[in-house]
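**Student:** My structure is in run_4.txt, and what it holds is compact mmCIF, C-alpha atoms:
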# COMPACT_ATOMS: atom_id res chain seq x y z
CA CYS A 261 -186.95 32.63 63.07
CA PHE A 262 -183.74 34.40 64.00
CA VAL A 263 -181.76 31.20 63.37
CA LEU A 264 -183.39 30.76 59.97
CA ARG A 265 -182.76 34.37 58.97
CA SER A 266 -179.13 34.03 60.04
CA PHE A 267 -178.79 30.81 58.05
CA PHE A 268 -180.25 32.34 54.89
CA ARG A 269 -178.05 35.45 55.20
CA THR A 270 -174.97 33.26 55.53
CA PHE A 271 -176.10 31.10 52.61
CA ALA A 272 -176.78 34.18 50.45
CA ALA A 273 -173.35 35.60 51.32
CA LYS A 274 -171.71 32.35 50.26
CA LEU A 275 -173.61 32.38 46.97
CA GLN A 276 -172.58 35.98 46.36
CA LYS A 277 -168.95 35.16 47.10
CA MET A 278 -169.09 32.24 44.68
CA SER A 279 -170.69 34.45 42.02
CA ASP A 280 -167.90 36.99 42.49
CA ARG A 281 -165.31 34.24 41.92
CA LEU A 282 -166.37 33.12 38.46
CA VAL A 283 -163.40 32.14 36.28
CA SER A 284 -163.54 33.03 32.57
CA VAL A 285 -161.39 30.63 30.55
CA ILE A 286 -160.18 32.03 27.24
CA MET A 287 -159.65 29.60 24.35
CA PRO A 288 -159.00 30.27 20.64
CA SER A 289 -159.62 27.46 18.16
CA TYR A 290 -158.75 26.87 14.54
CA ASN A 291 -158.95 23.50 12.75
CA GLY A 292 -157.67 21.66 15.82
CA ALA A 293 -159.99 18.67 16.10
CA LYS A 294 -157.29 16.18 17.11
CA HIS A 295 -156.74 17.60 20.61
CA LEU A 296 -159.69 19.94 21.04
CA ALA A 297 -161.95 17.61 23.03
CA ASP A 298 -159.15 16.73 25.46
CA SER A 299 -158.47 20.41 26.07
CA ILE A 300 -162.13 21.23 26.66
CA ASP A 301 -162.57 18.22 28.95
CA SER A 302 -159.57 19.28 31.04
CA ILE A 303 -161.36 22.57 31.74
CA LEU A 304 -164.88 21.28 32.29
CA ASN A 305 -163.57 18.55 34.61
CA GLN A 306 -161.83 20.97 36.97
CA THR A 307 -162.42 20.42 40.67
CA TYR A 308 -163.35 24.14 40.71
CA LYS A 309 -166.66 24.15 38.81
CA HIS A 310 -167.61 27.84 38.83
CA LEU A 311 -166.27 28.74 35.40
CA GLU A 312 -167.24 29.72 31.90
CA LEU A 313 -165.34 28.53 28.83
CA LEU A 314 -165.30 31.21 26.15
CA ILE A 315 -164.14 29.76 22.84
CA THR A 316 -163.64 31.96 19.80
CA ASP A 317 -163.29 29.92 16.63
CA ASP A 318 -161.03 31.69 14.14
CA HIS A 319 -163.05 30.69 11.04
CA SER A 320 -162.30 26.96 11.01
CA ASP A 321 -163.21 25.13 7.80
CA ASP A 322 -162.80 21.67 9.34
CA GLU A 323 -166.19 20.08 9.97
CA GLN A 324 -164.80 17.85 12.73
CA THR A 325 -163.61 20.89 14.68
CA LEU A 326 -166.92 22.65 14.21
CA GLY A 327 -168.80 19.51 15.23
CA ILE A 328 -166.85 19.23 18.47
CA LEU A 329 -167.55 22.87 19.30
CA ARG A 330 -171.26 22.45 18.62
CA HIS A 331 -171.41 19.31 20.75
CA TYR A 332 -169.85 20.89 23.83
CA SER A 333 -171.83 24.13 23.58
CA GLU A 334 -175.05 22.09 23.42
CA GLN A 335 -174.09 19.73 26.26
CA ASP A 336 -172.69 22.18 28.83
CA SER A 337 -174.13 25.62 29.52
CA ARG A 338 -170.71 26.83 30.69
CA VAL A 339 -169.38 26.59 27.11
CA ASN A 340 -169.91 29.68 24.94
CA VAL A 341 -168.62 29.61 21.35
CA LEU A 342 -168.26 32.59 18.99
CA TYR A 343 -167.62 31.82 15.31
CA LEU A 344 -165.67 34.47 13.41
CA ASP A 345 -166.51 35.21 9.77
CA SER A 346 -162.83 35.44 8.76
CA ASN A 347 -159.44 34.39 10.11
CA HIS A 348 -157.60 36.94 12.29
CA GLY A 349 -155.11 34.95 14.38
CA PRO A 350 -155.11 33.67 17.98
CA GLY A 351 -154.48 37.06 19.63
CA TYR A 352 -157.59 38.57 18.05
CA ALA A 353 -159.62 35.45 18.89
CA ARG A 354 -158.52 35.60 22.54
CA ASN A 355 -159.54 39.25 22.76
CA LYS A 356 -163.00 38.40 21.43
CA SER A 357 -163.34 35.92 24.28
CA ILE A 358 -162.02 38.40 26.84
CA GLU A 359 -164.63 40.92 25.65
CA ARG A 360 -167.39 38.43 26.56
CA ALA A 361 -165.85 37.42 29.89
CA LYS A 362 -168.05 37.86 32.96
CA GLY A 363 -165.65 36.39 35.51
CA ARG A 364 -163.53 37.99 38.17
CA TYR A 365 -160.60 35.84 37.01
CA ILE A 366 -159.33 35.57 33.44
CA ALA A 367 -157.41 32.37 32.58
CA PHE A 368 -156.03 30.99 29.32
CA CYS A 369 -155.87 27.57 27.68
CA ASP A 370 -155.21 26.89 23.99
CA SER A 371 -157.15 24.21 22.15
CA ASP A 372 -154.24 21.75 22.12
CA ASP A 373 -153.15 22.15 25.77
CA ARG A 374 -154.51 20.54 28.94
CA TRP A 375 -154.89 21.55 32.57
CA PHE A 376 -154.36 19.42 35.63
CA PRO A 377 -157.75 18.79 37.34
CA GLU A 378 -156.97 20.94 40.41
CA LYS A 379 -155.36 23.85 38.55
CA LEU A 380 -158.05 26.45 39.20
CA GLU A 381 -158.76 25.36 42.77
CA LYS A 382 -155.08 25.53 43.74
CA GLN A 383 -154.45 28.72 41.80
CA ILE A 384 -157.28 30.68 43.41
CA ALA A 385 -156.20 29.53 46.87
CA PHE A 386 -152.61 30.54 46.05
CA MET A 387 -153.70 33.98 44.81
CA ASP A 388 -155.70 34.53 47.99
CA GLU A 389 -152.75 33.53 50.15
CA HIS A 390 -150.27 35.78 48.34
CA ASP A 391 -152.75 38.59 47.54
CA CYS A 392 -151.51 38.66 43.95
CA ALA A 393 -153.29 39.90 40.84
CA LEU A 394 -151.31 37.82 38.32
CA CYS A 395 -150.42 34.19 38.90
CA PHE A 396 -148.75 31.54 36.75
CA ALA A 397 -147.23 28.10 37.24
CA SER A 398 -144.74 25.52 36.03
CA TYR A 399 -145.91 23.22 33.23
CA ILE A 400 -144.98 19.99 31.48
CA VAL A 401 -144.10 19.87 27.78
CA CYS A 402 -145.43 16.91 25.79
CA ASP A 403 -145.50 15.91 22.13
CA GLU A 404 -148.33 14.96 19.75
CA HIS A 405 -148.62 11.55 21.40
CA ASP A 406 -148.72 12.87 25.01
CA ASP A 407 -145.16 11.69 25.66
CA GLU A 408 -143.50 14.04 28.13
CA GLN A 409 -140.48 15.95 26.80
CA GLY A 410 -139.56 18.10 29.78
CA ILE A 411 -140.77 20.62 32.31
CA VAL A 412 -140.66 24.42 32.42
CA ILE A 413 -140.11 25.57 36.00
CA ALA A 414 -141.63 28.95 36.80
CA PRO A 415 -139.66 31.47 38.88
CA ASP A 416 -141.16 32.17 42.32
CA VAL A 417 -141.65 35.88 41.64
CA LEU A 418 -141.49 37.92 38.46
CA THR A 419 -141.20 41.71 38.14
CA PHE A 420 -141.87 44.00 35.20
CA GLY A 421 -138.13 44.51 34.66
CA GLN A 422 -137.48 40.78 34.60
CA LEU A 423 -140.34 40.13 32.23
CA LYS A 424 -139.04 42.78 29.81
CA ARG A 425 -135.92 40.64 29.30
CA ASP A 426 -137.68 37.33 28.78
CA ASN A 427 -141.22 35.96 28.94
CA LYS A 428 -141.19 33.44 31.78
CA ILE A 429 -144.98 33.14 31.95
CA GLY A 430 -146.57 30.17 30.23
CA CYS A 431 -149.83 31.52 28.84
CA LEU A 432 -151.63 28.23 29.51
CA THR A 433 -150.98 28.67 33.26
CA ALA A 434 -151.63 32.42 33.59
CA MET A 435 -154.59 33.88 35.44
CA TYR A 436 -155.28 37.47 36.45
CA ASP A 437 -157.74 39.01 38.90
CA THR A 438 -159.85 41.83 37.43
CA GLU A 439 -161.07 42.83 40.90
CA LEU A 440 -157.57 43.58 42.17
CA LEU A 441 -156.48 45.13 38.88
CA GLY A 442 -159.67 47.11 38.37
CA LYS A 443 -160.18 46.18 34.73
CA LYS A 444 -159.77 43.58 32.02
CA TYR A 445 -156.58 43.44 29.98
CA PHE A 446 -156.39 42.52 26.30
CA MET A 447 -153.78 41.12 23.92
CA PRO A 448 -151.96 43.87 21.98
CA SER A 449 -152.40 44.07 18.20
CA ILE A 450 -148.99 42.70 17.25
CA ARG A 451 -148.13 39.77 14.98
CA LYS A 452 -146.28 37.64 17.54
CA ARG A 453 -145.93 37.20 21.31
CA GLN A 454 -149.26 38.81 22.10
CA ASP A 455 -149.31 37.02 25.46
CA TRP A 456 -145.97 38.60 26.41
CA GLY A 457 -147.39 42.03 25.61
CA LEU A 458 -150.47 41.29 27.73
CA PHE A 459 -148.42 40.25 30.76
CA LEU A 460 -146.15 43.29 30.43
CA SER A 461 -149.22 45.53 30.53
CA ILE A 462 -150.49 43.81 33.66
CA LEU A 463 -147.12 43.86 35.43
CA ARG A 464 -146.64 47.52 34.59
CA ASP A 465 -149.63 48.13 36.86
CA CYS A 466 -149.35 45.46 39.56
CA HIS A 467 -145.50 45.24 39.56
CA THR A 468 -145.17 41.61 40.70
CA ALA A 469 -146.47 38.21 39.60
CA HIS A 470 -146.25 35.08 41.74
CA ALA A 471 -145.88 31.51 40.55
CA ILE A 472 -146.81 28.03 41.73
CA LYS A 473 -143.75 25.78 41.41
CA GLU A 474 -145.89 22.67 40.99
CA PRO A 475 -146.81 21.93 37.33
CA MET A 476 -150.40 22.86 36.59
CA ALA A 477 -150.74 22.09 32.87
CA TYR A 478 -149.50 20.22 29.81
CA TYR A 479 -148.19 22.28 26.89
CA ARG A 480 -148.34 20.42 23.59
CA ASN A 481 -145.22 21.12 21.55
CA ARG A 482 -146.30 20.79 17.95
CA GLN A 483 -145.31 22.59 14.80
CA ASN A 484 -148.76 23.88 13.86
CA SER A 485 -149.94 24.87 17.33
CA VAL A 486 -152.57 27.60 17.54
CA SER A 487 -150.00 29.57 19.48
CA SER A 488 -146.31 28.90 18.93
CA ASN A 489 -144.85 31.43 21.35
CA LYS A 490 -145.55 29.93 24.78
CA LEU A 491 -142.02 28.64 25.10
CA GLY A 492 -140.47 31.80 23.73
Mind turning this structure into structure tokens?
**Tutor:**
Amino acid sequence: CFVLRSFFRTFAAKLQKMSDRLVSVIMPSYNGAKHLADSIDSILNQTYKHLELLITDDHSDDEQTLGILRHYSEQDSRVNVLYLDSNHGPGYARNKSIERAKGRYIAFCDSDDRWFPEKLEKQIAFMDEHDCALCFASYIVCDEHDDEQGIVIAPDVLTFGQLKRDNKIGCLTAMYDTELLGKKYFMPSIRKRQDWGLFLSILRDCHTAHAIKEPMAYYRNRQNSVSSNKLG
């Protein structure tokens, strides 16, 4: 009996730890059917399975986009889609997803970008090792046809002062830990570079962000991207 009780306590502790490590993935969408399924698949097919994908659709009027969103939300319980009644922009859509987030970790992926399969698994292990609240990574730039155009190498460490001069954090690789920070952070209500404003707010509190040098995602460089400021 003692052995069984010990086993069940250990098992319950592991389940609790897993529950505490839920990752909330934030995705805005707007008339992006061409690459949307690939982006969603890259998240759902992560080696780290304990996640929720929170998509806020910014009032798409493209039936193909809406059909893809309906399909995934019906097929996978981890996918949660909110449909806005009017168009507000990607920053507002991301905040609507952050509001619904239940995870300890908040991560970002736009509906035309893709993650490497082990991104979350490696990123959580890296954040544990470095005890950091904000983590980001290098990423590969590709075009509409998935042809690689280059790579953006992330600096090892980034401070608030450095980030004020230039945004070196690719939003599609960023993840922050609400347990270490003590709260969720939201995109500021500005017209452009909302992600830069978000990371400045986080670094103002935690002072230092750490990066994985290995590429963890593909950024799609296209003219009508849902977010055009990830390289800026």
**Student:** Considering only C-alpha atoms, state which residue in the set A:Lys382, A:His295, A:Arg364, A:Lys428 is at the smallest distance from Leu440 (chain A).
**Tutor:**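 Ranked by minimum distance to Leu440 (chain A), first place goes to A:Arg364.
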**Student:** Measuring between only C-alpha atoms, which one of A:Leu282, A:Met435, A:Leu463, A:Ala477 shows the shortest distance to Met387 (chain A)?
**Tutor:**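 Closest candidate: A:Met435.
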**Student:** Using only C-alpha atoms, find all polymer residues with an atom at most 8 Å away from the point (-166.0, 30.2, 34.3); report them as a PyMOL selection string.
**Tutor:** chain A and resi 282-285+309-313+338+363
**Student:** Using all atoms listed in the file, which of the listed residues (A:Leu394, A:Asp280, A:Leu418, A:Glu408) sits closest to Ile462 (chain A)?
**Tutor:**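 Of the candidates, the smallest distance to Ile462 (chain A) is held by A:Leu394.
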**Student:** Quick one: of A:Ser398, A:Ser320, A:Ser461, A:Ser337, who's nearest to Asp416 (chain A), counting all atoms listed in the file?
**Tutor:**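 Selected residue with least distance to Asp416 (chain A): A:Ser398.
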**Student:** Might you pull out every residue within 7 Å of His467 (chain A), with all atoms listed in the file counted and same-chain residues fewer than 2 positions away left off, and present them as a PyMOL selection string?
**Tutor:** chain A and resi 419-420+463-465
**Student:** Write out as a list in words each polymer residue whose atoms come within 12 Å of Gly327 (chain A), counting all atoms listed in the file; drop sequence neighbours fewer than 3 positions from it.
**Tutor:**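 So the residues in contact are Asn291, Gly292, Ala293, Leu296, Ala297, Asp317, Ser320, Asp321, Asp322, Glu323, Gln324, Arg330, His331, Tyr332, Ser333, Glu334 and Val341 of chain A.
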**Student:** Rank A:Arg480, A:Met287, A:Leu460, A:Lys379 by their smallest atom-to-atom distance to Arg425 (chain A), using all atoms listed in the file, and report the top residue only.
**Tutor:**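 Closest candidate: A:Leu460.
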**Student:** Output region 394-405 of chain A as a short mmCIF file (atom, residue, chain, number, x, y, z; two decimals), in the coordinates of the input, making sure all heavy atoms are there.
**Tutor:**
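What landed in part-v1.cif:
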data_model
loop_
_atom_site.label_atom_id
_atom_site.label_comp_id
_atom_site.auth_asym_id
_atom_site.auth_seq_id
_atom_site.Cartn_x
_atom_site.Cartn_y
_atom_site.Cartn_z
N LEU A 394 -151.73 38.64 39.47
CA LEU A 394 -151.31 37.82 38.32
C LEU A 394 -150.55 36.62 38.82
O LEU A 394 -149.58 36.74 39.56
CB LEU A 394 -150.44 38.64 37.36
CG LEU A 394 -149.83 37.89 36.16
CD1 LEU A 394 -150.92 37.31 35.27
CD2 LEU A 394 -148.92 38.82 35.35
N CYS A 395 -151.02 35.44 38.43
CA CYS A 395 -150.42 34.19 38.90
C CYS A 395 -150.14 33.30 37.70
O CYS A 395 -150.87 33.30 36.71
CB CYS A 395 -151.37 33.50 39.87
SG CYS A 395 -150.85 31.87 40.42
N PHE A 396 -149.07 32.53 37.79
CA PHE A 396 -148.75 31.54 36.75
C PHE A 396 -148.11 30.34 37.43
O PHE A 396 -148.02 30.28 38.65
CB PHE A 396 -147.86 32.15 35.67
CG PHE A 396 -146.52 32.65 36.15
CD1 PHE A 396 -145.35 31.98 35.79
CD2 PHE A 396 -146.41 33.81 36.93
CE1 PHE A 396 -144.11 32.46 36.22
CE2 PHE A 396 -145.18 34.28 37.35
CZ PHE A 396 -144.02 33.60 36.99
N ALA A 397 -147.70 29.34 36.64
CA ALA A 397 -147.23 28.10 37.24
C ALA A 397 -146.25 27.40 36.30
O ALA A 397 -146.12 27.74 35.12
CB ALA A 397 -148.40 27.18 37.55
N SER A 398 -145.57 26.41 36.85
CA SER A 398 -144.74 25.52 36.03
C SER A 398 -145.67 24.66 35.16
O SER A 398 -146.86 24.51 35.44
CB SER A 398 -143.88 24.62 36.91
OG SER A 398 -143.05 25.38 37.76
N TYR A 399 -145.11 24.09 34.08
CA TYR A 399 -145.91 23.22 33.23
C TYR A 399 -145.03 22.17 32.55
O TYR A 399 -143.81 22.35 32.41
CB TYR A 399 -146.69 24.03 32.19
CG TYR A 399 -145.86 24.89 31.27
CD1 TYR A 399 -145.44 24.45 30.02
CD2 TYR A 399 -145.52 26.19 31.65
CE1 TYR A 399 -144.71 25.26 29.17
CE2 TYR A 399 -144.78 27.01 30.82
CZ TYR A 399 -144.36 26.53 29.58
OH TYR A 399 -143.62 27.35 28.76
N ILE A 400 -145.66 21.10 32.14
CA ILE A 400 -144.98 19.99 31.48
C ILE A 400 -145.15 20.11 29.97
O ILE A 400 -146.24 20.44 29.48
CB ILE A 400 -145.53 18.65 31.98
CG1 ILE A 400 -145.18 18.46 33.47
CG2 ILE A 400 -144.96 17.48 31.17
CD1 ILE A 400 -145.83 17.26 34.11
N VAL A 401 -144.08 19.85 29.24
CA VAL A 401 -144.10 19.87 27.78
C VAL A 401 -144.28 18.44 27.28
O VAL A 401 -143.57 17.52 27.73
CB VAL A 401 -142.81 20.48 27.21
CG1 VAL A 401 -142.87 20.50 25.67
CG2 VAL A 401 -142.59 21.89 27.75
N CYS A 402 -145.23 18.23 26.38
CA CYS A 402 -145.43 16.91 25.79
C CYS A 402 -145.52 17.03 24.27
O CYS A 402 -145.66 18.12 23.73
CB CYS A 402 -146.69 16.24 26.35
SG CYS A 402 -148.24 17.05 25.91
N ASP A 403 -145.44 15.89 23.59
CA ASP A 403 -145.50 15.91 22.13
C ASP A 403 -146.90 15.53 21.66
O ASP A 403 -147.85 15.45 22.45
CB ASP A 403 -144.43 14.99 21.52
CG ASP A 403 -144.64 13.51 21.88
OD1 ASP A 403 -145.74 13.15 22.37
OD2 ASP A 403 -143.70 12.72 21.67
N GLU A 404 -147.04 15.29 20.35
CA GLU A 404 -148.33 14.96 19.75
C GLU A 404 -148.97 13.72 20.36
O GLU A 404 -150.18 13.56 20.34
CB GLU A 404 -148.13 14.73 18.24
CG GLU A 404 -147.85 16.00 17.46
CD GLU A 404 -149.13 16.68 17.00
OE1 GLU A 404 -150.22 16.13 17.27
OE2 GLU A 404 -149.05 17.75 16.40
N HIS A 405 -148.13 12.84 20.89
CA HIS A 405 -148.62 11.55 21.40
C HIS A 405 -148.72 11.54 22.93
O HIS A 405 -148.82 10.47 23.53
CB HIS A 405 -147.71 10.44 20.91
CG HIS A 405 -147.46 10.47 19.43
ND1 HIS A 405 -148.44 10.16 18.52
CD2 HIS A 405 -146.35 10.80 18.72
CE1 HIS A 405 -147.94 10.29 17.28
NE2 HIS A 405 -146.68 10.68 17.39
#
